[in-house]
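Structure data (PDB, C-alpha atoms) from query_12.pdb:
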MODEL        1
ATOM      1  CA  MET A   1      61.495  18.703 -13.827
ATOM      2  CA  ALA A   2      63.329  20.370 -16.706
ATOM      3  CA  GLU A   3      61.359  21.520 -19.712
ATOM      4  CA  GLY A   4      62.664  22.505 -23.104
ATOM      5  CA  LEU A   5      65.555  21.242 -25.172
ATOM      6  CA  THR A   6      68.705  20.347 -23.234
ATOM      7  CA  PHE A   7      72.175  19.870 -24.700
ATOM      8  CA  VAL A   8      74.448  17.413 -22.876
ATOM      9  CA  LYS A   9      78.176  17.184 -23.529
ATOM     10  CA  LEU A  10      80.185  14.210 -22.350
ATOM     11  CA  GLY A  11      83.703  15.596 -22.246
ATOM     12  CA  GLY A  12      86.631  13.768 -23.775
ATOM     13  CA  SER A  13      88.412  13.880 -20.422
ATOM     14  CA  LEU A  14      85.408  12.141 -18.887
ATOM     15  CA  ILE A  15      84.799   9.296 -21.322
ATOM     16  CA  THR A  16      88.440   8.621 -22.275
ATOM     17  CA  ASP A  17      91.865   8.642 -20.675
ATOM     18  CA  LYS A  18      93.290  11.728 -22.419
ATOM     19  CA  HIS A  19      96.816  10.782 -21.320
ATOM     20  CA  THR A  20      96.741   7.456 -23.210
ATOM     21  CA  PRO A  21      95.865   7.177 -26.917
ATOM     22  CA  LEU A  22      92.656   5.384 -27.914
ATOM     23  CA  THR A  23      91.644   4.546 -24.349
ATOM     24  CA  PRO A  24      87.921   4.819 -23.508
ATOM     25  CA  HIS A  25      86.474   4.711 -20.016
ATOM     26  CA  THR A  26      83.987   2.031 -21.002
ATOM     27  CA  ALA A  27      82.412   1.399 -17.590
ATOM     28  CA  LEU A  28      81.829   5.100 -16.911
ATOM     29  CA  LEU A  29      80.401   5.621 -20.405
ATOM     30  CA  ALA A  30      78.016   2.711 -19.870
ATOM     31  CA  ARG A  31      76.848   4.217 -16.576
ATOM     32  CA  LEU A  32      76.203   7.605 -18.186
ATOM     33  CA  ALA A  33      74.145   5.873 -20.874
ATOM     34  CA  GLN A  34      72.125   4.116 -18.162
ATOM     35  CA  GLU A  35      71.497   7.447 -16.420
ATOM     36  CA  ILE A  36      70.107   8.970 -19.610
ATOM     37  CA  ARG A  37      68.010   5.832 -20.103
ATOM     38  CA  ALA A  38      66.599   6.313 -16.587
ATOM     39  CA  VAL A  39      65.755   9.934 -17.442
ATOM     40  CA  ARG A  40      63.994   8.852 -20.633
ATOM     41  CA  ASP A  41      61.967   6.322 -18.656
ATOM     42  CA  VAL A  42      60.738   9.034 -16.272
ATOM     43  CA  ALA A  43      60.510  11.932 -18.737
ATOM     44  CA  PRO A  44      60.141  10.484 -22.248
ATOM     45  CA  ALA A  45      59.069  13.845 -23.684
ATOM     46  CA  LEU A  46      62.195  15.701 -22.495
ATOM     47  CA  PRO A  47      64.059  16.647 -25.699
ATOM     48  CA  LEU A  48      67.787  15.973 -25.553
ATOM     49  CA  LEU A  49      70.775  16.486 -27.818
ATOM     50  CA  VAL A  50      73.983  14.732 -26.791
ATOM     51  CA  GLY A  51      77.506  15.588 -27.873
ATOM     52  CA  HIS A  52      80.843  14.174 -26.870
ATOM     53  CA  GLY A  53      84.477  15.180 -27.103
ATOM     54  CA  SER A  54      87.184  13.261 -28.942
ATOM     55  CA  GLY A  55      89.437  12.765 -25.942
ATOM     56  CA  SER A  56      92.359  10.413 -26.479
ATOM     57  CA  PHE A  57      91.090   9.538 -29.953
ATOM     58  CA  GLY A  58      90.839  12.674 -32.131
ATOM     59  CA  HIS A  59      93.045  14.954 -30.018
ATOM     60  CA  TRP A  60      96.058  12.633 -30.175
ATOM     61  CA  GLU A  61      95.888  12.364 -33.952
ATOM     62  CA  ALA A  62      95.245  16.094 -34.400
ATOM     63  CA  SER A  63      98.255  17.035 -32.268
ATOM     64  CA  HIS A  64     100.540  15.399 -34.842
ATOM     65  CA  TYR A  65      99.241  17.396 -37.796
ATOM     66  CA  GLY A  66      98.124  20.804 -36.465
ATOM     67  CA  THR A  67      94.721  20.169 -38.046
ATOM     68  CA  ARG A  68      92.905  22.764 -35.968
ATOM     69  CA  HIS A  69      94.895  25.556 -37.622
ATOM     70  CA  GLY A  70      94.412  24.568 -41.253
ATOM     71  CA  VAL A  71      95.069  21.893 -43.852
ATOM     72  CA  HIS A  72      97.208  22.637 -46.916
ATOM     73  CA  THR A  73      99.891  20.057 -47.673
ATOM     74  CA  PRO A  74      99.253  16.464 -48.826
ATOM     75  CA  GLU A  75     100.463  15.240 -45.431
ATOM     76  CA  GLU A  76      98.038  17.567 -43.636
ATOM     77  CA  TRP A  77      95.159  16.367 -45.804
ATOM     78  CA  ARG A  78      96.003  12.768 -44.927
ATOM     79  CA  GLY A  79      96.129  13.919 -41.310
ATOM     80  CA  LEU A  80      92.632  15.389 -41.628
ATOM     81  CA  ALA A  81      91.377  11.996 -42.763
ATOM     82  CA  ARG A  82      93.124  10.241 -39.871
ATOM     83  CA  VAL A  83      91.746  12.681 -37.289
ATOM     84  CA  GLY A  84      88.246  12.255 -38.697
ATOM     85  CA  ALA A  85      88.575   8.482 -38.564
ATOM     86  CA  ALA A  86      89.754   8.582 -34.931
ATOM     87  CA  ALA A  87      86.857  10.834 -33.899
ATOM     88  CA  ALA A  88      84.411   8.551 -35.702
ATOM     89  CA  GLN A  89      85.923   5.510 -33.968
ATOM     90  CA  LEU A  90      85.057   6.934 -30.560
ATOM     91  CA  ASN A  91      81.624   8.010 -31.791
ATOM     92  CA  ARG A  92      80.915   4.437 -32.913
ATOM     93  CA  LEU A  93      81.746   3.226 -29.416
ATOM     94  CA  VAL A  94      79.527   5.881 -27.805
ATOM     95  CA  THR A  95      76.680   5.117 -30.223
ATOM     96  CA  ASP A  96      76.855   1.378 -29.582
ATOM     97  CA  THR A  97      77.000   1.882 -25.805
ATOM     98  CA  PHE A  98      73.915   4.102 -25.789
ATOM     99  CA  LEU A  99      71.906   1.863 -28.098
ATOM    100  CA  LYS A 100      72.785  -1.164 -25.949
ATOM    101  CA  ALA A 101      71.444   0.754 -22.927
ATOM    102  CA  GLY A 102      68.171   1.399 -24.764
ATOM    103  CA  VAL A 103      68.859   5.090 -25.464
ATOM    104  CA  PRO A 104      67.640   5.988 -28.991
ATOM    105  CA  VAL A 105      70.601   8.032 -30.211
ATOM    106  CA  PHE A 106      71.049   8.866 -33.888
ATOM    107  CA  SER A 107      74.628   9.722 -34.794
ATOM    108  CA  LEU A 108      75.176  12.715 -37.085
ATOM    109  CA  ALA A 109      78.772  13.315 -38.185
ATOM    110  CA  PRO A 110      79.455  17.069 -38.252
ATOM    111  CA  SER A 111      82.132  16.560 -40.933
ATOM    112  CA  ALA A 112      79.405  15.573 -43.395
ATOM    113  CA  ALA A 113      77.337  18.740 -42.917
ATOM    114  CA  VAL A 114      79.489  21.542 -41.456
ATOM    115  CA  ILE A 115      81.510  24.180 -43.333
ATOM    116  CA  GLY A 116      84.064  26.522 -41.759
ATOM    117  CA  GLU A 117      85.506  29.863 -42.814
ATOM    118  CA  ALA A 118      88.945  30.632 -41.344
ATOM    119  CA  GLY A 119      88.186  28.507 -38.302
ATOM    120  CA  HIS A 120      84.650  29.802 -37.773
ATOM    121  CA  LEU A 121      81.629  27.557 -38.254
ATOM    122  CA  VAL A 122      79.550  29.333 -40.896
ATOM    123  CA  ALA A 123      77.163  26.730 -42.340
ATOM    124  CA  TRP A 124      75.463  23.539 -41.165
ATOM    125  CA  GLU A 125      72.684  21.648 -42.931
ATOM    126  CA  LEU A 126      70.356  21.131 -39.978
ATOM    127  CA  GLU A 127      67.290  19.538 -41.551
ATOM    128  CA  PRO A 128      68.439  15.992 -40.686
ATOM    129  CA  LEU A 129      69.099  16.981 -37.076
ATOM    130  CA  ARG A 130      65.717  18.721 -36.768
ATOM    131  CA  ARG A 131      63.982  15.658 -38.181
ATOM    132  CA  VAL A 132      65.762  13.384 -35.709
ATOM    133  CA  LEU A 133      64.555  15.572 -32.830
ATOM    134  CA  ALA A 134      61.015  15.671 -34.221
ATOM    135  CA  ALA A 135      60.980  11.868 -34.363
ATOM    136  CA  GLY A 136      61.696  11.683 -30.638
ATOM    137  CA  LEU A 137      65.228  10.390 -31.086
ATOM    138  CA  ILE A 138      68.363  11.913 -29.530
ATOM    139  CA  PRO A 139      70.793  13.488 -32.003
ATOM    140  CA  LEU A 140      74.357  12.443 -31.169
ATOM    141  CA  ILE A 141      77.124  14.734 -32.423
ATOM    142  CA  TYR A 142      80.803  15.007 -31.570
ATOM    143  CA  GLY A 143      83.932  17.108 -31.924
ATOM    144  CA  ASP A 144      85.005  16.482 -35.496
ATOM    145  CA  VAL A 145      87.011  17.646 -38.486
ATOM    146  CA  ALA A 146      85.391  19.931 -41.047
ATOM    147  CA  LEU A 147      86.179  21.404 -44.428
ATOM    148  CA  ASP A 148      87.035  25.100 -44.358
ATOM    149  CA  ARG A 149      86.700  27.570 -47.230
ATOM    150  CA  ALA A 150      89.814  29.520 -46.281
ATOM    151  CA  TRP A 151      91.968  26.984 -44.426
ATOM    152  CA  GLY A 152      91.142  23.805 -46.319
ATOM    153  CA  GLY A 153      90.170  21.997 -43.148
ATOM    154  CA  THR A 154      89.955  22.465 -39.399
ATOM    155  CA  ILE A 155      88.490  20.948 -36.231
ATOM    156  CA  PHE A 156      85.384  22.070 -34.366
ATOM    157  CA  SER A 157      85.030  21.146 -30.704
ATOM    158  CA  THR A 158      81.737  20.049 -29.223
ATOM    159  CA  GLU A 159      81.473  23.511 -27.640
ATOM    160  CA  ASP A 160      81.929  25.113 -31.074
ATOM    161  CA  LEU A 161      79.099  22.947 -32.371
ATOM    162  CA  PHE A 162      76.876  23.684 -29.359
ATOM    163  CA  VAL A 163      77.364  27.433 -29.805
ATOM    164  CA  TYR A 164      76.181  27.282 -33.406
ATOM    165  CA  LEU A 165      73.287  24.948 -32.609
ATOM    166  CA  ALA A 166      72.162  26.975 -29.601
ATOM    167  CA  ARG A 167      71.662  30.038 -31.775
ATOM    168  CA  GLN A 168      69.507  27.977 -34.134
ATOM    169  CA  LEU A 169      67.617  25.703 -31.718
ATOM    170  CA  GLN A 170      67.352  27.941 -28.618
ATOM    171  CA  PRO A 171      67.871  25.298 -25.899
ATOM    172  CA  ALA A 172      66.867  25.972 -22.319
ATOM    173  CA  ARG A 173      69.979  24.405 -20.792
ATOM    174  CA  ILE A 174      73.440  23.137 -21.659
ATOM    175  CA  LEU A 175      75.218  20.651 -19.401
ATOM    176  CA  LEU A 176      78.972  20.317 -19.934
ATOM    177  CA  LEU A 177      80.220  17.266 -18.056
ATOM    178  CA  GLY A 178      83.910  16.629 -17.490
ATOM    179  CA  GLN A 179      86.210  15.530 -14.707
ATOM    180  CA  ALA A 180      86.349  18.837 -12.835
ATOM    181  CA  PRO A 181      83.534  19.560 -10.351
ATOM    182  CA  GLY A 182      83.062  22.977 -11.945
ATOM    183  CA  VAL A 183      85.070  26.120 -12.635
ATOM    184  CA  LEU A 184      87.571  26.538  -9.818
ATOM    185  CA  ASP A 185      88.857  29.702  -8.147
ATOM    186  CA  ALA A 186      92.449  30.363  -7.049
ATOM    187  CA  GLN A 187      91.878  28.290  -3.893
ATOM    188  CA  GLY A 188      90.545  25.324  -5.858
ATOM    189  CA  GLN A 189      86.943  25.924  -4.791
ATOM    190  CA  VAL A 190      84.028  25.676  -7.204
ATOM    191  CA  ILE A 191      82.722  29.038  -8.395
ATOM    192  CA  PRO A 192      78.936  28.583  -8.126
ATOM    193  CA  GLN A 193      77.945  31.181 -10.712
ATOM    194  CA  ILE A 194      79.549  33.167 -13.535
ATOM    195  CA  THR A 195      77.868  35.984 -15.441
ATOM    196  CA  PRO A 196      79.123  38.326 -18.159
ATOM    197  CA  ALA A 197      79.543  40.943 -15.409
ATOM    198  CA  THR A 198      81.710  38.741 -13.155
ATOM    199  CA  TYR A 199      83.637  36.945 -15.895
ATOM    200  CA  PRO A 200      86.372  39.547 -16.570
ATOM    201  CA  ALA A 201      87.693  39.277 -13.006
ATOM    202  CA  LEU A 202      87.662  35.467 -13.169
ATOM    203  CA  ALA A 203      89.172  35.011 -16.636
ATOM    204  CA  PRO A 204      92.841  35.205 -15.477
ATOM    205  CA  LEU A 205      92.238  32.267 -13.126
ATOM    206  CA  LEU A 206      91.178  29.885 -15.884
ATOM    207  CA  GLY A 207      93.664  27.529 -17.493
ATOM    208  CA  GLY A 208      93.778  25.138 -20.411
ATOM    209  CA  SER A 209      93.907  21.361 -20.352
ATOM    210  CA  ALA A 210      96.605  19.363 -18.574
ATOM    211  CA  ALA A 211      96.298  16.639 -21.225
ATOM    212  CA  VAL A 212      96.484  16.730 -25.020
ATOM    213  CA  ASP A 213      93.687  19.062 -26.145
ATOM    214  CA  VAL A 214      93.910  20.861 -29.481
ATOM    215  CA  THR A 215      90.681  22.822 -29.037
ATOM    216  CA  GLY A 216      91.461  24.742 -25.866
ATOM    217  CA  GLY A 217      90.453  23.871 -22.322
ATOM    218  CA  MET A 218      88.446  25.360 -19.477
ATOM    219  CA  ALA A 219      89.343  28.941 -20.420
ATOM    220  CA  ASP A 220      88.021  28.550 -23.953
ATOM    221  CA  LYS A 221      84.948  26.679 -22.749
ATOM    222  CA  VAL A 222      83.950  29.360 -20.245
ATOM    223  CA  ALA A 223      84.612  32.223 -22.658
ATOM    224  CA  GLN A 224      82.375  30.656 -25.302
ATOM    225  CA  MET A 225      79.562  29.970 -22.867
ATOM    226  CA  VAL A 226      79.659  33.445 -21.300
ATOM    227  CA  ALA A 227      79.241  34.952 -24.765
ATOM    228  CA  LEU A 228      76.486  32.465 -25.618
ATOM    229  CA  VAL A 229      74.246  33.194 -22.623
ATOM    230  CA  GLU A 230      74.170  36.816 -23.761
ATOM    231  CA  GLN A 231      72.907  35.744 -27.174
ATOM    232  CA  VAL A 232      70.311  33.070 -26.320
ATOM    233  CA  PRO A 233      67.503  34.365 -24.090
ATOM    234  CA  GLY A 234      67.013  32.410 -20.878
ATOM    235  CA  LEU A 235      69.844  29.973 -21.547
ATOM    236  CA  ARG A 236      71.686  28.560 -18.554
ATOM    237  CA  VAL A 237      74.897  26.552 -18.852
ATOM    238  CA  TRP A 238      76.322  24.231 -16.211
ATOM    239  CA  ILE A 239      79.899  22.981 -16.005
ATOM    240  CA  LEU A 240      80.027  19.985 -13.691
ATOM    241  CA  SER A 241      81.605  16.602 -13.094
ATOM    242  CA  GLY A 242      80.063  13.511 -14.632
ATOM    243  CA  GLN A 243      82.063  11.172 -12.417
ATOM    244  CA  PRO A 244      79.782  10.979  -9.329
ATOM    245  CA  PRO A 245      77.099   8.329  -9.921
ATOM    246  CA  GLY A 246      73.714   9.929 -10.528
ATOM    247  CA  ALA A 247      75.055  13.443 -11.197
ATOM    248  CA  LEU A 248      73.877  13.530 -14.815
ATOM    249  CA  GLN A 249      70.515  11.981 -14.024
ATOM    250  CA  ARG A 250      69.919  14.434 -11.192
ATOM    251  CA  ALA A 251      70.948  17.416 -13.321
ATOM    252  CA  LEU A 252      68.440  16.458 -16.009
ATOM    253  CA  LEU A 253      65.533  15.778 -13.679
ATOM    254  CA  GLU A 254      66.214  18.352 -10.944
ATOM    255  CA  PRO A 255      67.696  21.440 -12.611
ATOM    256  CA  GLU A 256      67.916  23.502  -9.436
ATOM    257  CA  ALA A 257      69.880  20.703  -7.754
ATOM    258  CA  THR A 258      72.542  20.689 -10.466
ATOM    259  CA  GLY A 259      76.042  20.901  -9.033
ATOM    260  CA  GLY A 260      79.049  22.656 -10.453
ATOM    261  CA  THR A 261      79.193  26.139 -11.955
ATOM    262  CA  CYS A 262      76.191  27.847 -13.532
ATOM    263  CA  ILE A 263      76.837  30.352 -16.317
ATOM    264  CA  CYS A 264      73.896  32.686 -16.916
ATOM    265  CA  ALA A 265      73.199  36.158 -18.241
ATOM    266  CA  ALA A 266      72.512  37.733 -14.849
ATOM    267  CA  GLU A 267      72.918  36.848 -11.187
ATOM    268  CA  ASP A 268      70.107  34.864  -9.591
ATOM    269  CA  ARG A 269      68.052  36.962  -7.240
TER     270      ARG A 269
ENDMDL
END

Please express what this file holds, its structure, as structure tokens.
Amino acid sequence: MAEGLTFVKLGGSLITDKHTPLTPHTALLARLAQEIRAVRDVAPALPLLVGHGSGSFGHWEASHYGTRHGVHTPEEWRGLARVGAAAAQLNRLVTDTFLKAGVPVFSLAPSAAVIGEAGHLVAWELEPLRRVLAAGLIPLIYGDVALDRAWGGTIFSTEDLFVYLARQLQPARILLLGQAPGVLDAQGQVIPQITPATYPALAPLLGGSAAVDVTGGMADKVAQMVALVEQVPGLRVWILSGQPPGALQRALLEPEATGGTCICAAEDR
């Protein structure tokens, strides 16, 4: 059974229909909440932090205003507010679904605590998050807008947030759940493992998102995680599908049985 803090991301493409604005996959989200509840029942001491993407909520609004790349005009500032409201709308739904399933999540809006500098996350007041973890609750964060010292405002993806938090909290594992079964090669087969040594040859094969996604796609996700495993000792990152029933539960309780692609600092021997 897994030990140590685990980050879990529920991708926007997984919990919403990214091709249709404001469309959650409510049944799938409810099942994922039940799987985490089942894990908590078996392993109540396993520390978890859950994040989710904005999917067809925040990304659709952000695509109209270019929020990711800065906020300067009155219209762009109003856009920042609209993007933040859309992201919070989905977070409310996720929070309510998890609480209904008996999962003790505590939502923490990044926009209230995060500061950027030219698109880079440079400051985050983490005492509330640390206290939530210490109380045995599950911090729930999400891709969100943020104020930026140079750009006025921007957007940070869940991966951006995880990268910053991983450096501070030193998790043992990160699970990134989406629709894809993992990182795929040119033949459409799952690449079982990626390391900093093998990544350069694989990078040209990686694409973005087929749907509206203002924060990158698979290429950006993999690049961030490859860099992160070099910075956080012992960290292992999995990219896998959350669609098969039981996949999330199994990944949390049986780490070596986790499907998808594992990103780690060195090849397993």

A straight line from atom CA of His69 of chain A to atom CA of Ala87 of chain A spans 17.2 Å

What do you get, as a VMD selection string, if you spell out every residue that the PyMOL selection byres ((chain A and resi 20) around 12) selects here? chain A and resid 12 to 13 16 to 19 21 to 25 55 to 61 211 to 212

Can you list, as a PyMOL selection string, the residues that the PyMOL selection byres ((chain A and resi 88-98) around 10) selects here? chain A and resi 10+12+15-16+22-24+26-27+29-34+36-37+51-58+82-87+99-109+111+140-145

Residue by residue, what does the PyMOL selection byres ((chain A and resi 252) around 9) grab here? Present the result as a ChimeraX atom specification. /A:1-2,6,36,39,175,247-251,253-255,258

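The two atoms in question, atom CA of Pro171 of chain A and atom CA of Val42 of chain A, are spaced 20.2 Å apart.
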
From (85.9, 20.1, -36.7), in the file's coordinates, out to 10 Å: which residues are reached, counting only C-alpha atoms? Answer as a count of residues only. 31

Just give me the gap between atom CA of Ala38 of chain A and atom CA of Ala166 of chain A in Å, one decimal is fine. 25.0 Å

Which centre and edge lengths in Å to one decimal define the box along x, y and z that fits every listed atom of segment 123-141 of chain A plus 3 Å per side, as lines of an AutoDock Vina configuration file?
center_x = 69.1
center_y = 18.6
center_z = -36.2
size_x = 22.2
size_y = 22.3
size_z = 19.4

Could you give me, as a ChimeraX atom specification, the residues within 8 Å of Asp185 of chain A, counting only C-alpha atoms and dropping anything in the same chain fewer than 4 positions from it? /A:189-191,202,205

Filtering to C-alpha atoms, could you give me those residues as a tab-separated table (two decimals), in the coordinates of the input?
chain	number	residue	atom	x	y	z
A	189	GLN	CA	86.94	25.92	-4.79
A	190	VAL	CA	84.03	25.68	-7.20
A	191	ILE	CA	82.72	29.04	-8.40
A	202	LEU	CA	87.66	35.47	-13.17
A	205	LEU	CA	92.24	32.27	-13.13

Which residues, protein or nucleic acid, reach to within 12 Å of (69.1, 14.6, -43.7) in the file's coordinates when using all atoms listed in the file, and can you give that as a PyMOL selection string? chain A and resi 106-110+112-113+124-133+139

Tell me which of A:Cys264, A:Ala118, A:Ala150, A:Ile174 sits closest to Ile194 of chain A, counting only C-alpha atoms. A:Cys264

Between A:Ala227, A:Ile263, A:Gly234, A:Ala45, which one has atoms that come closest to Val163 of chain A, using only C-alpha atoms? A:Ala227

List the spatial neighbours of Val50 of chain A as an MDAnalysis selection string - criterion: any atom at most 6 Å away, all atoms listed in the file, same-chain residues fewer than 3 positions off excluded. chainID A and resid 7:9 140

Would you mind telling me which residue in A:Leu235, A:Ala266, A:Leu240, A:Met218 lies nearest to Gly178 of chain A when using all atoms listed in the file?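 The answer is A:Leu240, which sits nearest to Gly178 of chain A.
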
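Closest approach to Glu267 of chain A among A:Gln168, A:Gln224, A:Thr198, A:Ser63 is made by A:Thr198 (distances from only C-alpha atoms).
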